[in-house]
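For reference, model-v3.txt (compact mmCIF, C-alpha atoms):
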# COMPACT_ATOMS: atom_id res chain seq x y z
CA MET A 11 0.00 0.00 0.00
CA ILE A 12 1.08 3.55 -0.61
CA PHE A 13 0.79 4.36 3.10
CA GLU A 14 3.44 1.74 3.84
CA ASP A 15 5.98 3.59 1.70
CA LYS A 16 7.91 5.63 4.25
CA LYS A 17 9.28 7.90 1.55
CA LEU A 18 5.77 9.00 0.59
CA PHE A 19 3.98 8.88 3.91
CA LYS A 20 5.74 11.06 6.48
CA PRO A 21 3.14 13.00 8.47
CA TRP A 22 5.76 14.35 10.89
CA ASN A 23 7.85 15.63 8.01
CA GLY A 24 4.70 17.36 6.78
CA TRP A 25 4.56 19.23 10.08
CA LEU A 26 8.27 20.04 9.80
CA ARG A 27 7.61 21.67 6.44
CA ILE A 28 4.84 23.78 8.01
CA SER A 29 7.05 24.59 11.00
CA ALA A 30 9.91 25.64 8.71
CA ASN A 31 7.60 28.01 6.83
CA LEU A 32 6.26 29.40 10.11
CA HIS A 33 9.81 29.89 11.29
CA PHE A 34 10.55 32.17 8.34
CA ILE A 35 7.20 34.01 8.60
CA LEU A 36 7.61 34.69 12.32
CA VAL A 37 11.18 35.98 11.92
CA LEU A 38 9.82 38.30 9.24
CA ALA A 39 7.03 39.37 11.61
CA VAL A 40 9.54 40.25 14.33
CA SER A 41 11.55 42.38 11.91
CA LEU A 42 8.51 44.27 10.61
CA THR A 43 6.91 44.92 14.00
CA LEU A 44 10.16 46.22 15.51
CA PRO A 45 10.17 49.70 13.88
CA VAL A 46 6.41 50.29 14.14
CA ASP A 47 5.51 48.76 17.51
CA VAL A 48 6.24 51.54 20.03
CA GLU A 49 5.09 49.52 23.04
CA ILE A 50 6.77 46.42 21.54
CA GLN A 51 3.70 44.28 22.35
CA PHE A 52 3.15 42.81 18.88
CA CYS A 53 6.87 42.29 18.47
CA SER A 54 6.99 40.40 21.79
CA ILE A 55 4.06 38.23 20.70
CA SER A 56 5.89 37.41 17.46
CA ILE A 57 9.00 36.46 19.43
CA ALA A 58 6.96 34.24 21.76
CA LEU A 59 5.32 32.49 18.79
CA LEU A 60 8.73 32.09 17.16
CA PHE A 61 10.04 30.30 20.24
CA ILE A 62 6.91 28.11 20.56
CA ASN A 63 7.27 27.07 16.93
CA TRP A 64 10.96 26.31 17.56
CA LEU A 65 9.97 24.03 20.44
CA ALA A 66 7.22 22.37 18.41
CA GLY A 67 9.65 21.68 15.55
CA GLY A 68 11.59 19.14 17.61
CA ARG A 69 15.01 17.88 16.48
CA TYR A 70 16.58 19.32 19.61
CA LYS A 71 19.78 17.31 19.31
CA LYS A 72 20.53 18.72 15.88
CA LYS A 73 19.63 22.23 17.01
CA LEU A 74 21.78 22.03 20.12
CA ILE A 75 24.74 20.74 18.12
CA GLN A 76 24.35 23.64 15.70
CA LEU A 77 24.14 26.10 18.60
CA ALA A 78 27.14 24.57 20.40
CA ASN A 79 29.26 25.01 17.28
CA ASN A 80 28.63 28.76 17.23
CA LYS A 81 30.92 30.73 19.53
CA SER A 82 29.11 34.05 19.24
CA GLY A 83 25.76 32.45 19.97
CA LEU A 84 27.11 30.85 23.12
CA LEU A 85 28.77 34.10 24.21
CA ILE A 86 25.49 36.00 23.90
CA ILE A 87 23.70 33.34 25.98
CA ILE A 88 26.46 33.58 28.62
CA PHE A 89 26.09 37.38 28.56
CA PHE A 90 22.38 37.00 29.35
CA LEU A 91 23.13 34.45 32.11
CA LEU A 92 25.58 36.93 33.61
CA HIS A 93 22.63 39.27 34.14
CA LEU A 94 20.87 36.48 36.03
CA ILE A 95 23.94 36.11 38.26
CA GLY A 96 23.77 39.87 38.79
CA LEU A 97 20.40 39.35 40.47
CA LEU A 98 22.11 37.49 43.31
CA TYR A 99 23.75 40.64 44.65
CA THR A 100 21.29 43.33 43.61
CA SER A 101 19.21 45.13 46.22
CA ASP A 102 16.42 46.31 43.89
CA MET A 103 15.07 42.92 42.84
CA LYS A 104 12.01 44.44 41.12
CA ALA A 105 14.17 46.55 38.80
CA GLY A 106 16.46 43.56 38.23
CA LEU A 107 13.61 41.28 37.20
CA PHE A 108 12.25 43.98 34.91
CA ASP A 109 15.66 44.27 33.25
CA ILE A 110 15.79 40.48 32.81
CA GLU A 111 12.32 40.56 31.26
CA LYS A 112 13.48 43.16 28.71
CA LYS A 113 16.59 41.15 27.92
CA LEU A 114 14.78 37.83 27.37
CA SER A 115 14.94 38.53 23.64
CA LEU A 116 18.72 38.47 24.00
CA LEU A 117 18.39 34.83 25.03
CA VAL A 118 15.41 33.56 23.03
CA ILE A 119 16.09 34.96 19.55
CA PRO A 120 19.79 33.95 19.35
CA ILE A 121 18.95 30.43 20.57
CA VAL A 122 16.31 30.08 17.86
CA LEU A 123 18.22 31.64 14.96
CA PHE A 124 21.68 30.26 15.73
CA SER A 125 20.30 26.73 16.14
CA TYR A 126 17.81 26.98 13.26
CA PRO A 127 19.38 29.31 10.64
CA LEU A 128 17.46 30.63 7.69
CA SER A 129 18.63 30.26 4.11
CA THR A 130 20.49 33.11 2.46
CA TYR A 131 17.47 33.82 0.28
CA GLN A 132 15.17 34.05 3.31
CA ARG A 133 17.66 36.28 5.10
CA ASP A 134 17.91 38.63 2.12
CA PHE A 135 14.12 38.75 1.81
CA ILE A 136 13.81 39.79 5.46
CA LEU A 137 16.52 42.44 5.14
CA VAL A 138 14.94 43.94 2.01
CA SER A 139 11.50 43.89 3.65
CA PHE A 140 12.91 45.64 6.71
CA ILE A 141 14.46 48.41 4.60
CA LEU A 142 11.32 48.99 2.56
CA PHE A 143 9.04 48.96 5.59
CA CYS A 144 11.20 51.41 7.54
CA VAL A 145 11.22 53.82 4.59
CA PHE A 146 7.46 53.36 4.16
CA LEU A 147 6.94 54.30 7.82
CA ALA A 148 9.28 57.26 7.40
CA VAL A 149 7.34 58.53 4.39
CA ILE A 150 4.07 58.34 6.31
CA GLY A 151 5.67 60.02 9.32
CA LEU A 152 7.24 62.78 7.22
CA GLY A 153 3.96 63.41 5.43
CA TYR A 154 2.13 63.77 8.73
CA GLY A 155 4.93 65.91 10.13
CA MET A 156 4.80 68.33 7.20
CA LEU A 157 1.02 68.61 7.44
CA HIS A 158 1.35 69.44 11.16
CA TYR A 159 4.65 71.28 10.85
CA ASN A 160 3.96 74.06 13.36
CA GLU A 161 2.66 71.62 15.97
CA VAL A 162 5.68 69.33 15.61
CA VAL A 163 8.28 72.12 15.67
CA THR A 164 6.60 73.85 18.62
CA THR A 165 6.16 70.76 20.79
CA LYS A 166 9.22 68.65 19.94
CA GLY A 167 11.40 70.26 17.27
CA ALA A 168 12.05 69.89 13.55
CA GLU A 169 14.20 66.79 14.12
CA HIS A 170 11.03 64.89 15.09
CA LEU A 171 9.18 65.48 11.81
CA VAL A 172 9.64 61.87 10.72
CA THR A 173 8.91 60.17 14.05
CA TYR A 174 6.29 62.47 15.58
CA ILE A 175 3.28 60.39 14.52
CA SER A 176 4.77 57.06 15.67
CA SER A 177 6.50 58.35 18.83
CA ILE A 178 9.40 55.97 18.15
CA HIS A 179 12.76 57.21 19.47
CA ARG A 180 14.30 59.10 16.55
CA VAL A 181 17.84 57.90 17.36
CA TYR A 182 16.83 54.25 17.17
CA PHE A 183 14.86 54.82 13.99
CA SER A 184 17.88 56.65 12.54
CA ILE A 185 20.03 53.60 13.33
CA TYR A 186 17.54 51.32 11.58
CA LEU A 187 17.56 53.58 8.51
CA LEU A 188 21.36 53.82 8.46
CA PHE A 189 21.59 50.03 8.53
CA GLY A 190 19.13 50.02 5.62
CA TYR A 191 21.20 52.65 3.83
CA PHE A 192 24.22 50.35 3.85
CA LEU A 193 22.09 47.37 2.80
CA VAL A 194 20.95 49.23 -0.33
CA PHE A 195 24.56 49.37 -1.54
CA TYR A 196 25.20 45.80 -0.40
CA PHE A 197 22.34 44.49 -2.55
CA TYR A 198 23.35 46.91 -5.31
CA ARG A 199 26.68 45.10 -5.48
CA LYS A 200 25.38 41.59 -4.79
CA PHE A 201 22.69 41.62 -7.49
CA ARG A 202 24.77 43.74 -9.91
CA LEU A 203 22.09 46.40 -10.19
CA GLY A 204 24.62 48.80 -11.68
CA PHE A 205 24.38 46.97 -15.01
CA ILE A 206 20.69 47.84 -15.38
CA PRO A 207 20.30 51.64 -15.77
CA VAL A 208 16.78 51.83 -14.35
CA LEU A 209 17.64 49.78 -11.26
CA LYS A 210 20.95 51.59 -10.89
CA TRP A 211 19.44 55.06 -10.65
CA ALA A 212 16.44 53.84 -8.68
CA SER A 213 18.77 52.29 -6.09
CA LEU A 214 20.92 55.42 -5.83
CA ALA A 215 17.83 57.62 -5.52
CA PHE A 216 16.43 55.33 -2.83
CA ALA A 217 19.70 55.48 -0.88
CA GLY A 218 19.73 59.25 -1.27
CA PHE A 219 16.22 59.49 0.13
CA ILE A 220 17.21 57.40 3.16
CA ALA A 221 20.17 59.74 3.71
CA PHE A 222 17.76 62.70 3.50
CA LEU A 223 15.54 61.15 6.18
CA ILE A 224 18.55 60.57 8.44
CA LEU A 225 19.61 64.21 7.98
CA ILE A 226 16.16 65.38 9.04
CA MET A 227 16.27 63.35 12.26
CA ALA A 228 19.68 64.87 13.05
CA SER A 229 21.08 62.28 15.45
CA ARG A 230 24.71 63.32 15.89
CA ALA A 231 26.30 59.89 16.09
CA VAL A 232 24.21 58.57 13.19
CA LEU A 233 24.98 61.65 11.07
CA ILE A 234 28.71 61.13 11.58
CA LEU A 235 28.33 57.44 10.72
CA LEU A 236 26.30 58.39 7.62
CA ILE A 237 29.15 60.59 6.40
CA VAL A 238 31.77 57.92 7.13
CA THR A 239 29.62 55.20 5.53
CA THR A 240 29.05 57.28 2.39
CA ALA A 241 32.77 58.10 2.10
CA THR A 242 33.67 54.42 2.51
CA ILE A 243 31.12 53.31 -0.09
CA ILE A 244 32.34 55.91 -2.60
CA PHE A 245 35.96 54.88 -1.97
CA TYR A 246 35.05 51.22 -2.54
CA PHE A 247 33.05 51.66 -5.75
CA VAL A 248 35.11 54.45 -7.31
CA VAL A 249 38.68 53.79 -6.14
CA ILE A 250 38.93 50.09 -5.31
CA LYS A 251 36.55 48.67 -7.93
CA ARG A 252 37.12 51.10 -10.81
CA LYS A 253 40.35 52.90 -9.88
CA GLN A 254 38.89 56.23 -11.00
CA TYR A 255 41.08 58.49 -8.89
CA LEU A 256 40.10 61.74 -10.62
CA LYS A 257 36.42 61.07 -10.10
CA ALA A 258 37.12 60.17 -6.47
CA GLY A 259 38.89 63.49 -5.98
CA ILE A 260 36.05 65.44 -7.59
CA LEU A 261 33.46 63.63 -5.47
CA SER A 262 35.51 64.32 -2.33
CA VAL A 263 35.65 68.04 -3.08
CA MET A 264 31.91 68.08 -3.86
CA GLY A 265 31.21 66.24 -0.60
CA VAL A 266 33.23 68.73 1.46
CA ALA A 267 31.54 71.63 -0.34
CA PHE A 268 28.12 70.12 0.37
CA LEU A 269 28.91 69.74 4.08
CA ILE A 270 30.13 73.35 4.25
CA LEU A 271 26.97 74.51 2.49
CA VAL A 272 24.75 72.55 4.88
CA TYR A 273 26.65 73.87 7.90
CA THR A 274 26.48 77.50 6.79
CA GLN A 275 22.90 77.51 5.52
CA VAL A 276 21.02 75.13 7.84
CA GLY A 277 20.74 76.69 11.29
CA TYR A 278 19.83 73.52 13.16
CA VAL A 279 22.84 71.61 11.84
CA ARG A 280 25.11 74.52 12.80
CA LYS A 281 23.64 74.45 16.29
CA ILE A 282 24.39 70.72 16.57
CA VAL A 283 28.05 71.25 15.63
CA ASN A 284 28.43 74.23 17.97
CA ASP A 285 26.96 72.21 20.83
CA LEU A 286 29.84 69.76 20.49
CA THR A 287 32.36 72.35 21.66
CA GLN A 288 30.41 74.86 23.73
CA ASN A 289 28.96 74.81 27.24
CA LEU A 290 30.08 71.25 27.94
CA ASP A 291 30.11 71.77 31.71
CA GLN A 292 26.67 73.35 32.02
CA GLY A 293 24.74 70.16 32.65
CA LYS A 294 23.50 71.52 35.98
CA SER A 295 22.09 74.73 34.52
CA ALA A 296 18.82 75.53 32.86
CA ASN A 297 20.60 76.28 29.56
CA VAL A 298 21.52 72.71 28.65
CA THR A 299 21.88 70.71 25.48
CA SER A 300 21.87 66.99 24.83
CA VAL A 301 25.66 67.16 24.46
CA ASN A 302 26.50 68.72 27.82
CA LEU A 303 23.87 66.51 29.45
CA ARG A 304 25.78 63.51 28.13
CA VAL A 305 29.03 64.88 29.50
CA GLU A 306 27.47 65.04 32.97
CA LYS A 307 26.08 61.52 32.59
CA TYR A 308 29.49 60.20 31.61
CA LYS A 309 31.18 61.92 34.55
CA CYS A 310 28.72 60.34 36.98
CA ALA A 311 28.94 56.94 35.25
CA ILE A 312 32.73 56.94 35.51
CA GLN A 313 32.46 57.72 39.23
CA ALA A 314 30.07 54.78 39.63
CA ILE A 315 32.47 52.49 37.76
CA LYS A 316 35.43 53.52 39.91
CA ALA A 317 33.47 52.67 43.05
CA ASN A 318 32.22 49.28 41.74
CA TRP A 319 34.72 48.38 39.02
CA LEU A 320 35.24 44.68 39.78
CA THR A 321 31.81 43.03 40.14
CA GLY A 322 29.46 45.95 39.48
CA VAL A 323 26.39 46.82 41.51
CA GLY A 324 24.13 44.05 40.20
CA THR A 325 21.49 43.82 37.50
CA GLY A 326 18.82 45.87 39.26
CA ASP A 327 20.86 48.62 40.93
CA VAL A 328 22.35 50.40 37.91
CA GLN A 329 19.79 53.21 37.76
CA ASN A 330 19.76 53.73 41.53
CA THR A 331 23.54 53.97 41.48
CA LEU A 332 23.50 56.50 38.66
CA ASN A 333 20.83 58.52 40.48
CA PHE A 334 23.02 58.53 43.60
CA TYR A 335 25.92 60.08 41.70
CA TYR A 336 23.56 62.47 39.90
CA HIS A 337 22.49 63.73 43.34
CA LEU A 338 26.07 63.79 44.57
CA ASN A 339 27.08 66.02 41.65
CA ASP A 340 23.94 68.20 41.78
CA PHE A 341 22.98 67.00 38.32
CA TYR A 342 19.31 67.93 38.58
CA GLU A 343 18.18 66.74 35.14
CA GLY A 344 19.87 63.38 35.70
CA TYR A 345 17.98 62.31 38.81
CA LYS A 346 14.77 64.11 37.84
CA TYR A 347 14.39 62.05 34.66
CA SER A 348 16.42 59.01 35.83
CA PHE A 349 18.71 59.12 32.81
CA ASP A 350 20.68 56.00 31.97
CA ALA A 351 24.40 56.33 31.22
CA HIS A 352 23.76 56.85 27.48
CA ASN A 353 26.74 54.59 26.87
CA GLN A 354 26.26 50.83 26.79
CA TYR A 355 29.83 50.10 27.82
CA PHE A 356 29.47 52.26 30.95
CA GLN A 357 26.00 50.82 31.60
CA THR A 358 27.24 47.22 31.43
CA TRP A 359 30.35 47.95 33.51
CA ILE A 360 28.31 49.58 36.28
CA GLY A 361 25.93 46.63 36.46
CA LEU A 362 28.15 43.60 35.85
CA GLY A 363 31.67 44.85 36.49
CA ILE A 364 34.75 43.55 34.70
CA PRO A 365 33.15 40.21 33.64
CA GLY A 366 30.27 42.03 31.94
CA ILE A 367 32.25 44.63 30.02
CA LEU A 368 34.91 42.09 28.97
CA LEU A 369 32.29 39.66 27.69
CA LEU A 370 30.50 42.39 25.74
CA LEU A 371 33.76 43.47 24.11
CA ILE A 372 34.70 39.86 23.34
CA ILE A 373 31.35 39.30 21.60
CA LEU A 374 31.84 42.36 19.41
CA ILE A 375 35.52 41.74 18.63
CA GLN A 376 35.08 38.01 17.94
CA SER A 377 32.16 38.71 15.62
CA LEU A 378 34.07 41.42 13.79
CA VAL A 379 37.05 39.11 13.27
CA PHE A 380 34.71 36.35 12.04
CA GLY A 381 33.03 38.75 9.62
CA ILE A 382 36.39 39.82 8.21
CA LYS A 383 37.53 36.20 7.76
CA GLU A 384 34.26 35.27 6.05
CA LEU A 385 34.12 38.51 4.02
CA ASN A 386 30.66 39.01 5.49
CA TYR A 387 30.32 42.74 4.80
CA VAL A 388 26.86 43.02 6.33
CA LEU A 389 28.07 41.52 9.60
CA ILE A 390 31.14 43.77 9.62
CA TYR A 391 29.04 46.88 9.11
CA PHE A 392 26.42 45.81 11.65
CA ILE A 393 29.05 45.25 14.36
CA VAL A 394 30.77 48.57 13.60
CA LEU A 395 27.43 50.39 13.58
CA PHE A 396 26.28 48.79 16.82
CA SER A 397 29.64 49.23 18.57
CA ILE A 398 29.91 52.93 17.74
CA CYS A 399 26.28 53.68 18.59
CA CYS A 400 26.84 51.99 21.96
CA MET A 401 29.20 54.85 22.76
CA SER A 402 26.35 57.36 22.74
CA GLU A 403 23.33 55.18 23.53
CA SER A 404 22.60 52.38 25.99
CA LEU A 405 21.26 50.16 23.22
CA LEU A 406 20.92 47.04 25.38
CA THR A 407 18.76 48.71 28.03
CA THR A 408 15.71 49.26 25.81
CA GLN A 409 13.80 46.65 23.85
CA LYS A 410 14.16 48.64 20.63
CA GLY A 411 17.91 48.19 20.89
CA ILE A 412 17.90 44.70 22.40
CA ILE A 413 15.65 43.19 19.75
CA PHE A 414 17.51 45.00 16.95
CA PHE A 415 20.75 43.35 18.06
CA ALA A 416 19.24 40.00 19.04
CA LEU A 417 17.44 39.64 15.71
CA PHE A 418 19.82 40.93 13.07
CA PHE A 419 23.07 39.72 14.61
CA PRO A 420 22.29 35.97 14.33
CA LEU A 421 20.33 36.54 11.13
CA ILE A 422 23.34 37.93 9.27
CA TYR A 423 26.08 36.11 11.19
CA SER A 424 26.51 33.44 8.54
CA ASN A 425 26.33 34.13 4.82
CA ARG A 426 26.51 30.54 3.67
CA ASN A 427 23.77 29.09 1.51
CA ASN A 428 23.62 25.53 2.81
CA LEU A 429 22.76 26.06 6.48
CA ALA A 430 19.00 25.77 6.01
CA ALA A 431 19.51 22.41 4.28
CA LEU A 432 20.36 20.97 7.68
CA TYR A 433 16.70 21.32 8.57
CA SER A 434 15.04 20.09 5.44
CA PRO A 435 11.88 18.12 6.31
CA TYR A 436 13.42 15.12 4.54
CA SER A 437 16.86 15.25 6.15
CA LYS A 438 17.68 12.62 8.72

This entry written out as structure tokens:
Amino acid sequence: MIFEDKKLFKPWNGWLRISANLHFILVLAVSLTLPVDVEIQFCSISIALLFINWLAGGRYKKKLIQLANNKSGLLIIIFFLLHLIGLLYTSDMKAGLFDIEKKLSLLVIPIVLFSYPLSTYQRDFILVSFILFCVFLAVIGLGYGMLHYNEVVTTKGAEHLVTYISSIHRVYFSIYLLFGYFLVFYFYRKFRLGFIPVLKWASLAFAGFIAFLILIMASRAVLILLIVTTATIIFYFVVIKRKQYLKAGILSVMGVAFLILVYTQVGYVRKIVNDLTQNLDQGKSANVTSVNLRVEKYKCAIQAIKANWLTGVGTGDVQNTLNFYYHLNDFYEGYKYSFDAHNQYFQTWIGLGIPGILLLLIILIQSLVFGIKELNYVLIYFIVLFSICCMSESLLTTQKGIIFFALFFPLIYSNRNNLAALYSPYSK
């Protein structure tokens, strides 16, 4: 009978096929709900369903072997477990448990994606979808912002034109768009879009529009990274690939001229640059900027590190410790609004001490080295982007930053085509 033919009748393999499709769909759902879900509820539901589907898919031995063979995946899991250890010597258990709850994605998503990797095609589809969806949201936000221009500028400022309607943190959204900006050029090279005139100019125009959106949101660190990224891309395509040194020189001069023009003609940009060098020590006064506020935060964070440099204060006591030093230094804005350190390296060091900061640096350095060895340009750029942004933002203290890292890091970690074949419904 046909039902006795094991090659034709495999009901469990039928479920594995469904589970594999759900796996891809749910990863896509996580990526698309991340930039739009301000309260992160739908994104959290997608992550929970992703993990449930991973459990229902079985084949735990194969998954665990795959996970055990991945150093970065194991390091991230250890990093999360270190936060659990930090609960043992924290005094504010409620804050510690809340921090663990936020960081669950740092455990769940890497376990799922490192042990059950997607194919290269699926990965590229998710990355392209993420870019397009972020730009779509930005267009809607910009349209709303322009229609309510006076309201936006009066209540929040011109830099919030794109994000006013969604209330998403403009710095995080700028980081998402900058990652997308690089991906446009990555796919431009990968799929050889430069050989098709229509796609070539459409891609360049799309990248230019993303750069325009980033300029509007005016996040200092992201703006600097945008300039560096653009210069690197131009150097690669014009100098390394084509060896057109004259064109490279002309483009460099045009770029410098454009920056000078923007600085001299756009008042808000000029204010941003001036803030970098003026009034740095006025964080206690009423006339403050985001720059001198950060300087005060860093001063207090360094004091906290010096007092607890070895083991840290524990997972739940970071904010209380920062508030203590804010009070000690009469930094009114700091303890009034309970600012974090606005630097992930400081934030981790305060909470987990030397083990925490060393492990974080090892994760980033090991991944960067792996990306260079594998010529995985997306991974290299992602690590550089994340590492630099961690200098001005505590990316692993908010779910917008945690999920961004936990999702895209394992998703792009490997660029090999045959990983998904390990989990074919018909593989043994």

For Gly363 of chain A, list every protein, DNA or RNA residue within 7 Å, evaluated using only C-alpha atoms, and leave out those in the same chain fewer than 4 positions away; present the list as a tab-separated table (two decimals) with C-alpha atoms, in the coordinates of the input.
chain	number	residue	atom	x	y	z
A	318	ASN	CA	32.22	49.28	41.74
A	319	TRP	CA	34.72	48.38	39.02
A	320	LEU	CA	35.24	44.68	39.78
A	321	THR	CA	31.81	43.03	40.14
A	322	GLY	CA	29.46	45.95	39.48
A	359	TRP	CA	30.35	47.95	33.51
A	367	ILE	CA	32.25	44.63	30.02

Show me the residues close to (17.6, 46.8, -5.9) - anything with an atom within 12 Å, counting only C-alpha atoms - and format the list as an NGL selection string.
:A and (134-135 or 137-139 or 141-142 or 191 or 193-217)

Correct to one decimal, the distance atom CA of Gly324 of chain A-atom CA of Gly361 of chain A is 4.9 Å

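When the distance limit is 7 Å and all atoms listed in the file are what count, the residues near segment 226-243 of chain A, minus those fewer than 5 positions from it on the same chain, are Glu169, His170, Val172, Arg180, Val181, Ser184, Ile185, Leu188 and Cys399 of chain A.
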
*asked:* Report as a PyMOL selection string all protein, DNA and RNA residues lying within 12 Å of Phe380 of chain A, evaluated on all atoms listed in the file, omitting residues in the same chain fewer than 2 positions from it.
replied: chain A and resi 80-82+372-378+382-390+393+422-425

Across A:Thr331, A:Val37, A:Leu171, A:His352, the smallest distance to Leu157 of chain A, with all atoms listed in the file counted, is shown by A:Leu171

Nearby residues (only C-alpha atoms) at most 10 Å from Phe396 of chain A, same-chain spacing under 3 positions excluded, as a PyMOL selection string
chain A and resi 185+189+374+391-393+399-401+403+405+411+414-415+419

| query | Do you know which residues are at most 12 Å from Gly83 of chain A counting all atoms listed in the file, after dropping those on the same chain fewer than 4 positions away, and could you put them as an MDAnalysis selection string? | reply | chainID A and resid 74:79 87:90 116:127 373:374 376:377 416:417 419:421 423:424

With a cut-off of 10 Å, could you pull out the residues of segment 58-77 of chain A touching segment 40-44 of chain A and give me the nearest pair of atoms for each, distance in Å to one decimal, using all atoms listed in the file, ordered by chain and ascending number, as a tab-separated table?
residue	atom	partner	partner_atom	distance
A:Ala58	CA	A:Val40	CA	9.9
A:Leu59	CA	A:Val40	CA	9.9
A:Leu60	CA	A:Val40	CA	8.7

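Across A:Leu98, A:Leu187, A:Leu128, A:Val301, the tightest approach to Val145 of chain A is made by A:Leu187 when counting only C-alpha atoms.
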